[in-house]
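Engineer: File target-v7.pdb below, PDB, C-alpha atoms and all ligand atoms:
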```
ATOM      1  CA  MET A   8      40.642 -58.134  68.997  1.00  0.00           C
ATOM      2  CA  GLY A   9      37.896 -55.665  69.162  1.00  0.00           C
ATOM      3  CA  ASP A  10      34.318 -56.250  70.207  1.00  0.00           C
ATOM      4  CA  THR A  11      32.229 -56.366  67.061  1.00  0.00           C
ATOM      5  CA  ASN A  12      29.082 -55.728  69.101  1.00  0.00           C
ATOM      6  CA  SER A  13      30.312 -52.493  70.631  1.00  0.00           C
ATOM      7  CA  PRO A  14      28.412 -49.341  69.589  1.00  0.00           C
ATOM      8  CA  ASP A  15      29.825 -47.277  66.647  1.00  0.00           C
ATOM      9  CA  THR A  16      31.612 -44.339  68.167  1.00  0.00           C
ATOM     10  CA  SER A  17      32.564 -42.615  64.834  1.00  0.00           C
ATOM     11  CA  ALA A  18      31.007 -39.102  64.101  1.00  0.00           C
ATOM     12  CA  PRO A  19      27.461 -39.259  62.624  1.00  0.00           C
ATOM     13  CA  ALA A  20      26.949 -38.032  58.946  1.00  0.00           C
ATOM     14  CA  GLU A  21      25.699 -34.453  58.820  1.00  0.00           C
ATOM     15  CA  THR A  22      22.083 -34.097  57.624  1.00  0.00           C
ATOM     16  CA  PRO A  23      20.290 -30.764  56.953  1.00  0.00           C
ATOM     17  CA  SER A  24      18.103 -29.673  59.729  1.00  0.00           C
ATOM     18  CA  ASP A  25      14.395 -29.064  59.188  1.00  0.00           C
ATOM     19  CA  ALA A  26      15.079 -25.313  59.361  1.00  0.00           C
ATOM     20  CA  GLU A  27      17.677 -25.544  56.599  1.00  0.00           C
ATOM     21  CA  LEU A  28      15.394 -27.661  54.441  1.00  0.00           C
ATOM     22  CA  SER A  29      12.606 -25.154  54.924  1.00  0.00           C
ATOM     23  CA  SER A  30      14.932 -22.237  54.084  1.00  0.00           C
ATOM     24  CA  GLY A  31      16.107 -23.867  50.803  1.00  0.00           C
ATOM     25  CA  SER A  32      12.564 -24.588  49.725  1.00  0.00           C
ATOM     26  CA  GLU A  33      11.540 -21.006  50.399  1.00  0.00           C
ATOM     27  CA  SER A  34      14.480 -19.686  48.353  1.00  0.00           C
ATOM     28  CA  ARG A  35      13.463 -21.761  45.360  1.00  0.00           C
ATOM     29  CA  ARG A  36       9.876 -20.598  45.762  1.00  0.00           C
ATOM     30  CA  ASN A  37      10.995 -16.971  45.875  1.00  0.00           C
ATOM     31  CA  ALA A  38      13.134 -17.460  42.767  1.00  0.00           C
ATOM     32  CA  LEU A  39      10.210 -19.005  40.907  1.00  0.00           C
ATOM     33  CA  VAL A  40       7.909 -16.164  41.959  1.00  0.00           C
ATOM     34  CA  SER A  41      10.503 -13.646  40.761  1.00  0.00           C
ATOM     35  CA  VAL A  42      10.777 -15.328  37.368  1.00  0.00           C
ATOM     36  CA  LEU A  43       7.010 -15.503  36.948  1.00  0.00           C
ATOM     37  CA  THR A  44       6.591 -11.884  38.066  1.00  0.00           C
ATOM     38  CA  GLY A  45       9.237 -10.751  35.590  1.00  0.00           C
ATOM     39  CA  PHE A  46       7.635 -12.717  32.760  1.00  0.00           C
ATOM     40  CA  LEU A  47       4.164 -11.344  33.512  1.00  0.00           C
ATOM     41  CA  SER A  48       5.543  -7.795  33.737  1.00  0.00           C
ATOM     42  CA  PHE A  49       7.190  -8.266  30.333  1.00  0.00           C
ATOM     43  CA  VAL A  50       3.945  -9.541  28.797  1.00  0.00           C
ATOM     44  CA  ILE A  51       1.907  -6.714  30.337  1.00  0.00           C
ATOM     45  CA  VAL A  52       4.289  -4.068  28.925  1.00  0.00           C
ATOM     46  CA  ALA A  53       5.267  -5.738  25.648  1.00  0.00           C
ATOM     47  CA  ILE A  54       1.820  -6.540  24.233  1.00  0.00           C
ATOM     48  CA  PRO A  55       0.340  -3.008  24.561  1.00  0.00           C
ATOM     49  CA  SER A  56       3.636  -1.558  23.263  1.00  0.00           C
ATOM     50  CA  PHE A  57       3.517  -3.823  20.239  1.00  0.00           C
ATOM     51  CA  LEU A  58      -0.142  -2.967  19.539  1.00  0.00           C
ATOM     52  CA  ALA A  59       0.526   0.768  19.967  1.00  0.00           C
ATOM     53  CA  GLY A  60       3.498   0.555  17.599  1.00  0.00           C
ATOM     54  CA  ALA A  61       1.449  -1.304  15.004  1.00  0.00           C
ATOM     55  CA  PHE A  62      -1.328   1.302  15.312  1.00  0.00           C
ATOM     56  CA  TYR A  63       1.027   4.235  14.736  1.00  0.00           C
ATOM     57  CA  LEU A  64       2.968   2.536  11.933  1.00  0.00           C
ATOM     58  CA  ASP A  65      -0.126   1.305  10.118  1.00  0.00           C
ATOM     59  CA  PRO A  66      -0.652   4.448   7.938  1.00  0.00           C
ATOM     60  CA  ILE A  67       2.992   4.378   6.872  1.00  0.00           C
ATOM     61  CA  LEU A  68       2.853   0.689   6.003  1.00  0.00           C
ATOM     62  CA  ARG A  69      -0.448   1.086   4.211  1.00  0.00           C
ATOM     63  CA  ARG A  70       0.893   4.012   2.191  1.00  0.00           C
ATOM     64  CA  LYS A  71       3.854   1.895   1.090  1.00  0.00           C
ATOM     65  CA  LYS A  72       1.466  -0.795  -0.076  1.00  0.00           C
ATOM     66  CA  SER A  73      -0.896   1.615  -1.909  1.00  0.00           C
ATOM     67  CA  GLY A  74       1.682   2.534  -4.588  1.00  0.00           C
ATOM     68  CA  GLY A  75       0.238   5.730  -6.048  1.00  0.00           C
ATOM     69  CA  ALA A  76      -3.019   7.472  -6.808  1.00  0.00           C
ATOM     70  CA  ALA A  77      -4.034   5.282  -9.724  1.00  0.00           C
ATOM     71  CA  GLY A  78      -2.788   1.930  -8.475  1.00  0.00           C
ATOM     72  CA  GLY A  79       0.630   1.770 -10.109  1.00  0.00           C
ATOM     73  CA  GLY A  80       1.845   0.815 -13.578  1.00  0.00           C
ATOM     74  CA  ALA A  81       1.561   3.078 -16.605  1.00  0.00           C
ATOM     75  CA  LEU A  82      -1.202   5.061 -14.887  1.00  0.00           C
ATOM     76  CA  ASP A  83       0.753   5.710 -11.714  1.00  0.00           C
ATOM     77  CA  GLY A  84       0.103   9.309 -10.676  1.00  0.00           C
ATOM     78  CA  PHE A  85      -2.881   9.697 -12.998  1.00  0.00           C
ATOM     79  CA  ILE A  86      -6.417  10.373 -11.818  1.00  0.00           C
ATOM     80  CA  LYS A  87      -9.445   8.975 -13.603  1.00  0.00           C
ATOM     81  CA  LEU A  88     -11.812  11.790 -14.595  1.00  0.00           C
ATOM     82  CA  ASP A  89     -15.612  11.821 -14.511  1.00  0.00           C
ATOM     83  CA  ALA A  90     -15.593  12.232 -18.286  1.00  0.00           C
ATOM     84  CA  THR A  91     -14.892  10.104 -21.324  1.00  0.00           C
ATOM     85  CA  THR A  92     -13.931  10.880 -24.906  1.00  0.00           C
ATOM     86  CA  ASP A  93     -17.580  10.240 -25.828  1.00  0.00           C
ATOM     87  CA  SER A  94     -18.841  12.857 -23.347  1.00  0.00           C
ATOM     88  CA  LEU A  95     -16.867  15.679 -24.997  1.00  0.00           C
ATOM     89  CA  PRO A  96     -18.366  17.609 -27.931  1.00  0.00           C
ATOM     90  CA  ASP A  97     -16.847  16.710 -31.291  1.00  0.00           C
ATOM     91  CA  ASP A  98     -16.792  20.409 -32.280  1.00  0.00           C
ATOM     92  CA  GLY A  99     -14.122  21.164 -29.662  1.00  0.00           C
ATOM     93  CA  THR A 100     -16.283  23.148 -27.284  1.00  0.00           C
ATOM     94  CA  PRO A 101     -14.479  23.107 -23.889  1.00  0.00           C
ATOM     95  CA  VAL A 102     -15.991  21.195 -20.993  1.00  0.00           C
ATOM     96  CA  ALA A 103     -15.152  21.917 -17.357  1.00  0.00           C
ATOM     97  CA  VAL A 104     -14.470  18.839 -15.218  1.00  0.00           C
ATOM     98  CA  THR A 105     -13.840  18.707 -11.481  1.00  0.00           C
ATOM     99  CA  VAL A 106     -10.772  16.659 -10.565  1.00  0.00           C
ATOM    100  CA  LYS A 107     -11.349  14.372  -7.593  1.00  0.00           C
ATOM    101  CA  SER A 108      -8.706  12.382  -5.840  1.00  0.00           C
ATOM    102  CA  THR A 109      -8.144  10.149  -2.836  1.00  0.00           C
ATOM    103  CA  LEU A 110      -6.395  11.957  -0.032  1.00  0.00           C
ATOM    104  CA  ASP A 111      -4.642  10.342   2.924  1.00  0.00           C
ATOM    105  CA  ASP A 112      -3.851  11.976   6.208  1.00  0.00           C
ATOM    106  CA  ALA A 113      -2.023  10.065   8.919  1.00  0.00           C
ATOM    107  CA  TRP A 114      -4.847   7.698   9.806  1.00  0.00           C
ATOM    108  CA  ASN A 115      -7.691   8.334   7.373  1.00  0.00           C
ATOM    109  CA  ARG A 116      -8.408   7.969   3.670  1.00  0.00           C
ATOM    110  CA  PHE A 117     -10.869  10.348   1.993  1.00  0.00           C
ATOM    111  CA  LYS A 118     -12.223   9.387  -1.412  1.00  0.00           C
ATOM    112  CA  ASP A 119     -13.433  11.685  -4.210  1.00  0.00           C
ATOM    113  CA  VAL A 120     -12.115  14.907  -2.689  1.00  0.00           C
ATOM    114  CA  PRO A 121     -12.180  17.821  -5.203  1.00  0.00           C
ATOM    115  CA  VAL A 122      -8.593  18.965  -5.744  1.00  0.00           C
ATOM    116  CA  GLY A 123      -9.067  21.244  -8.753  1.00  0.00           C
ATOM    117  CA  SER A 124     -10.721  21.555 -12.131  1.00  0.00           C
ATOM    118  CA  VAL A 125      -9.694  21.373 -15.759  1.00  0.00           C
ATOM    119  CA  TRP A 126     -10.949  22.420 -19.152  1.00  0.00           C
ATOM    120  CA  LEU A 127     -11.088  19.521 -21.625  1.00  0.00           C
ATOM    121  CA  ARG A 128     -11.306  19.869 -25.404  1.00  0.00           C
ATOM    122  CA  LYS A 129     -11.640  17.225 -28.079  1.00  0.00           C
ATOM    123  CA  GLN A 130      -9.462  18.028 -31.054  1.00  0.00           C
ATOM    124  CA  PRO A 131     -10.263  17.300 -34.735  1.00  0.00           C
ATOM    125  CA  ASP A 132      -8.198  14.094 -34.646  1.00  0.00           C
ATOM    126  CA  GLY A 133     -10.194  12.834 -31.638  1.00  0.00           C
ATOM    127  CA  SER A 134      -7.414  13.339 -29.084  1.00  0.00           C
ATOM    128  CA  VAL A 135      -8.142  15.348 -25.935  1.00  0.00           C
ATOM    129  CA  ILE A 136      -6.210  18.246 -24.423  1.00  0.00           C
ATOM    130  CA  ALA A 137      -6.530  19.447 -20.835  1.00  0.00           C
ATOM    131  CA  PHE A 138      -5.806  22.803 -19.195  1.00  0.00           C
ATOM    132  CA  ASN A 139      -5.701  23.600 -15.516  1.00  0.00           C
ATOM    133  CA  SER A 140      -8.546  26.083 -15.008  1.00  0.00           C
ATOM    134  CA  ILE A 141      -6.466  28.224 -12.625  1.00  0.00           C
ATOM    135  CA  CYS A 142      -5.383  31.467 -14.268  1.00  0.00           C
ATOM    136  CA  PRO A 143      -1.571  31.739 -14.552  1.00  0.00           C
ATOM    137  CA  HIS A 144      -1.861  35.445 -13.713  1.00  0.00           C
ATOM    138  CA  LEU A 145      -2.944  35.481 -10.072  1.00  0.00           C
ATOM    139  CA  GLY A 146      -4.949  32.328  -9.546  1.00  0.00           C
ATOM    140  CA  CYS A 147      -8.593  33.116 -10.361  1.00  0.00           C
ATOM    141  CA  SER A 148     -10.651  30.624 -12.380  1.00  0.00           C
ATOM    142  CA  VAL A 149     -10.554  30.879 -16.146  1.00  0.00           C
ATOM    143  CA  ASN A 150     -13.960  30.608 -17.860  1.00  0.00           C
ATOM    144  CA  TYR A 151     -14.990  29.586 -21.330  1.00  0.00           C
ATOM    145  CA  ARG A 152     -16.409  32.699 -23.064  1.00  0.00           C
ATOM    146  CA  ARG A 153     -18.965  31.434 -25.521  1.00  0.00           C
ATOM    147  CA  SER A 154     -19.494  34.829 -27.209  1.00  0.00           C
ATOM    148  CA  ASP A 155     -15.817  35.024 -28.241  1.00  0.00           C
ATOM    149  CA  ASP A 156     -15.180  31.270 -28.267  1.00  0.00           C
ATOM    150  CA  ASP A 157     -12.111  31.700 -26.093  1.00  0.00           C
ATOM    151  CA  PHE A 158     -10.943  31.364 -22.486  1.00  0.00           C
ATOM    152  CA  PHE A 159     -11.304  34.456 -20.304  1.00  0.00           C
ATOM    153  CA  CYS A 160     -10.446  35.328 -16.716  1.00  0.00           C
ATOM    154  CA  PRO A 161     -12.776  37.953 -15.260  1.00  0.00           C
ATOM    155  CA  CYS A 162     -10.406  39.063 -12.489  1.00  0.00           C
ATOM    156  CA  HIS A 163      -7.953  41.078 -14.637  1.00  0.00           C
ATOM    157  CA  THR A 164      -9.166  40.242 -18.188  1.00  0.00           C
ATOM    158  CA  SER A 165      -6.581  37.641 -19.160  1.00  0.00           C
ATOM    159  CA  SER A 166      -7.686  35.910 -22.357  1.00  0.00           C
ATOM    160  CA  PHE A 167      -6.507  32.802 -24.193  1.00  0.00           C
ATOM    161  CA  ASP A 168      -7.201  30.959 -27.418  1.00  0.00           C
ATOM    162  CA  LEU A 169      -8.836  27.555 -27.202  1.00  0.00           C
ATOM    163  CA  ASP A 170      -5.395  25.982 -27.593  1.00  0.00           C
ATOM    164  CA  GLY A 171      -4.347  27.794 -24.407  1.00  0.00           C
ATOM    165  CA  THR A 172      -2.218  30.485 -26.043  1.00  0.00           C
ATOM    166  CA  LYS A 173      -2.517  33.847 -24.322  1.00  0.00           C
ATOM    167  CA  THR A 174      -4.071  36.606 -26.483  1.00  0.00           C
ATOM    168  CA  ASN A 175      -3.251  39.678 -24.401  1.00  0.00           C
ATOM    169  CA  GLU A 176      -0.403  40.871 -22.179  1.00  0.00           C
ATOM    170  CA  VAL A 177      -2.089  40.370 -18.832  1.00  0.00           C
ATOM    171  CA  PRO A 178      -1.130  36.737 -18.137  1.00  0.00           C
ATOM    172  CA  PRO A 179       2.574  35.944 -17.828  1.00  0.00           C
ATOM    173  CA  ARG A 180       2.270  32.673 -19.811  1.00  0.00           C
ATOM    174  CA  ASN A 181      -0.161  30.450 -21.660  1.00  0.00           C
ATOM    175  CA  MET A 182      -2.705  28.330 -19.835  1.00  0.00           C
ATOM    176  CA  ASP A 183      -1.145  25.370 -18.060  1.00  0.00           C
ATOM    177  CA  GLU A 184      -1.613  22.254 -20.167  1.00  0.00           C
ATOM    178  CA  LEU A 185      -1.733  18.956 -18.281  1.00  0.00           C
ATOM    179  CA  GLU A 186      -0.821  15.441 -19.330  1.00  0.00           C
ATOM    180  CA  ILE A 187      -3.889  13.377 -20.199  1.00  0.00           C
ATOM    181  CA  ILE A 188      -4.173   9.865 -21.628  1.00  0.00           C
ATOM    182  CA  THR A 189      -6.955   7.498 -22.578  1.00  0.00           C
ATOM    183  CA  ALA A 190      -7.485   4.017 -21.183  1.00  0.00           C
ATOM    184  CA  THR A 191      -9.877   1.080 -21.194  1.00  0.00           C
ATOM    185  CA  ASP A 192     -10.641  -0.592 -17.873  1.00  0.00           C
ATOM    186  CA  GLY A 193      -7.605   1.104 -16.382  1.00  0.00           C
ATOM    187  CA  GLU A 194      -5.303  -0.076 -19.196  1.00  0.00           C
ATOM    188  CA  PRO A 195      -3.803   2.642 -21.396  1.00  0.00           C
ATOM    189  CA  GLY A 196      -4.887   2.219 -24.995  1.00  0.00           C
ATOM    190  CA  LYS A 197      -5.262   4.208 -28.185  1.00  0.00           C
ATOM    191  CA  ASP A 198      -8.963   3.503 -28.549  1.00  0.00           C
ATOM    192  CA  GLY A 199      -9.716   3.841 -24.830  1.00  0.00           C
ATOM    193  CA  LYS A 200     -12.528   6.133 -23.795  1.00  0.00           C
ATOM    194  CA  GLU A 201     -11.583   6.678 -20.150  1.00  0.00           C
ATOM    195  CA  LEU A 202      -9.699   9.914 -19.497  1.00  0.00           C
ATOM    196  CA  TRP A 203      -6.830   9.837 -17.016  1.00  0.00           C
ATOM    197  CA  LEU A 204      -5.146  13.066 -15.960  1.00  0.00           C
ATOM    198  CA  LYS A 205      -1.860  13.875 -14.228  1.00  0.00           C
ATOM    199  CA  PHE A 206      -3.092  16.812 -12.179  1.00  0.00           C
ATOM    200  CA  GLN A 207      -0.710  19.563 -11.139  1.00  0.00           C
ATOM    201  CA  ASN A 208      -0.935  23.172  -9.997  1.00  0.00           C
ATOM    202  CA  PHE A 209       1.656  25.770 -10.954  1.00  0.00           C
ATOM    203  CA  ARG A 210       2.917  28.992  -9.459  1.00  0.00           C
ATOM    204  CA  GLY A 211       1.157  32.138 -10.672  1.00  0.00           C
ATOM    205  CA  ALA A 212       2.635  35.418 -11.902  1.00  0.00           C
ATOM    206  CA  THR A 213       5.719  33.832 -13.477  1.00  0.00           C
ATOM    207  CA  GLU A 214       6.626  33.178 -17.104  1.00  0.00           C
ATOM    208  CA  GLN A 215       7.928  29.747 -16.159  1.00  0.00           C
ATOM    209  CA  LYS A 216       5.644  26.820 -15.428  1.00  0.00           C
ATOM    210  CA  ILE A 217       6.772  25.993 -11.893  1.00  0.00           C
ATOM    211  CA  PRO A 218       4.970  23.117 -10.123  1.00  0.00           C
ATOM    212  CA  VAL A 219       3.710  23.806  -6.621  1.00  0.00           C
TER     213      VAL A 219
HETATM  214  S1  LIG A 301      -6.043  36.227 -11.984  1.00  0.00           S
HETATM  215 FE1  LIG A 301      -6.747  35.906 -13.979  1.00  0.00          FE
HETATM  216  S2  LIG A 301      -6.413  37.760 -14.926  1.00  0.00           S
HETATM  217 FE2  LIG A 301      -5.612  38.051 -12.977  1.00  0.00          FE
END
```
Step by step, read the file and then write its structure as structure tokens.
Structural biologist:
Amino acid sequence: MGDTNSPDTSAPAETPSDAELSSGSESRRNALVSVLTGFLSFVIVAIPSFLAGAFYLDPILRRKKSGGAAGGGALDGFIKLDATTDSLPDDGTPVAVTVKSTLDDAWNRFKDVPVGSVWLRKQPDGSVIAFNSICPHLGCSVNYRRSDDDFFCPCHTSSFDLDGTKTNEVPPRNMDELEIITATDGEPGKDGKELWLKFQNFRGATEQKIPV
């Protein structure tokens, strides 16, 4: 029968030494520092990258939202002129009007930029016709010649009737008529007084009307 008071001679349970405990704690600390450093590095790189991307994409996104020169709908692509049906003489005398539009470059928007000019005429039935003032011969400006009541280009003597038909052999085609409609408060209507124009230039020195 053994002595129950004799000392326990079995092997003691292994416990981590202070050095091992210290080493494990330091490893966890290093891991935490690595995670935090990685996260901060991501934030430092990601936020400026996101802001830079938004800055460079902004003009493209804005252009998609803008939807055309005249704000979309039936007037999409039309430009409102600084003239109304009331401002044109009832006798059909032509009036020159500068066409102004909003132009966008990559990051800027410029309002009321002159892009061309047109001759407007009120017809006997009250409707309005519009001609691009650029001569279809070689691109000078066509004038209204009061003495002959016709259109005349001083560069090489092209001449045209008031309906735009050429009256000599200098120009290759008639004056370039443009689409024009009336509107009220931006809504197309028969009795509207606002004049909205679809402005377009065409290639010179050709019989065909070729948009440029
Ligand atoms: S450019 Fe007008 S006549 Fe030649």
Engineer: Report as a ChimeraX atom specification the full result of the PyMOL selection byres (((not hetatm)) within 12 of (chain A and resi 301)) when it is applied to this structure.
Structural biologist: /A:140-150,158-167,173-182,210-212
Engineer: State, in Å with one decimal place, the distance from atom CA of A:Gly99 to atom CA of A:Pro131.
Structural biologist: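 If I compute the distance from atom CA of A:Gly99 to atom CA of A:Pro131, I get 7.5 Å.
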Engineer: Could you check which of A:Gly171, A:Gly193, A:Gly199, A:Gly31 is closest to A:Phe85, using all atoms listed in the file?
Structural biologist: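 Residue with the minimum atom-to-atom distance to A:Phe85: A:Gly193.
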Engineer: State, in Å with one decimal place, the distance from atom CA of A:Gln207 to atom CA of A:Ser108.
Structural biologist: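 Between atom CA of A:Gln207 and atom CA of A:Ser108 the gap is 12.0 Å.
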Engineer: As an exercise, work out the distance from atom CA of A:Asp97 to atom CA of A:Ala190 in Å and give it to one decimal place.
Structural biologist: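 Computed distance, atom CA of A:Asp97 to atom CA of A:Ala190, equals 18.7 Å.
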Engineer: Taking the file as shown, what set of residues would the PyMOL selection byres (((chain A and resi 120) around 6) and not hetatm) give back, as a JSON list (two decimals) with C-alpha atoms, in the coordinates of the input?
Structural biologist:
```
[["chain", "number", "residue", "atom", "x", "y", "z"],
["A", 107, "LYS", "CA", -11.35, 14.37, -7.59],
["A", 108, "SER", "CA", -8.71, 12.38, -5.84],
["A", 118, "LYS", "CA", -12.22, 9.39, -1.41],
["A", 119, "ASP", "CA", -13.43, 11.68, -4.21],
["A", 121, "PRO", "CA", -12.18, 17.82, -5.20]]
```
Engineer: Output as AutoDock Vina command-line options the centre and edge lengths (Å, one decimal) of the box along x, y and z of the file that holds every listed atom of stretch 118-129 of chain A after adding 8 Å on each side.
Structural biologist:
```
--center_x -11.0 --center_y 15.9 --center_z -14.7 --size_x 20.8 --size_y 29.0 --size_z 42.7
```
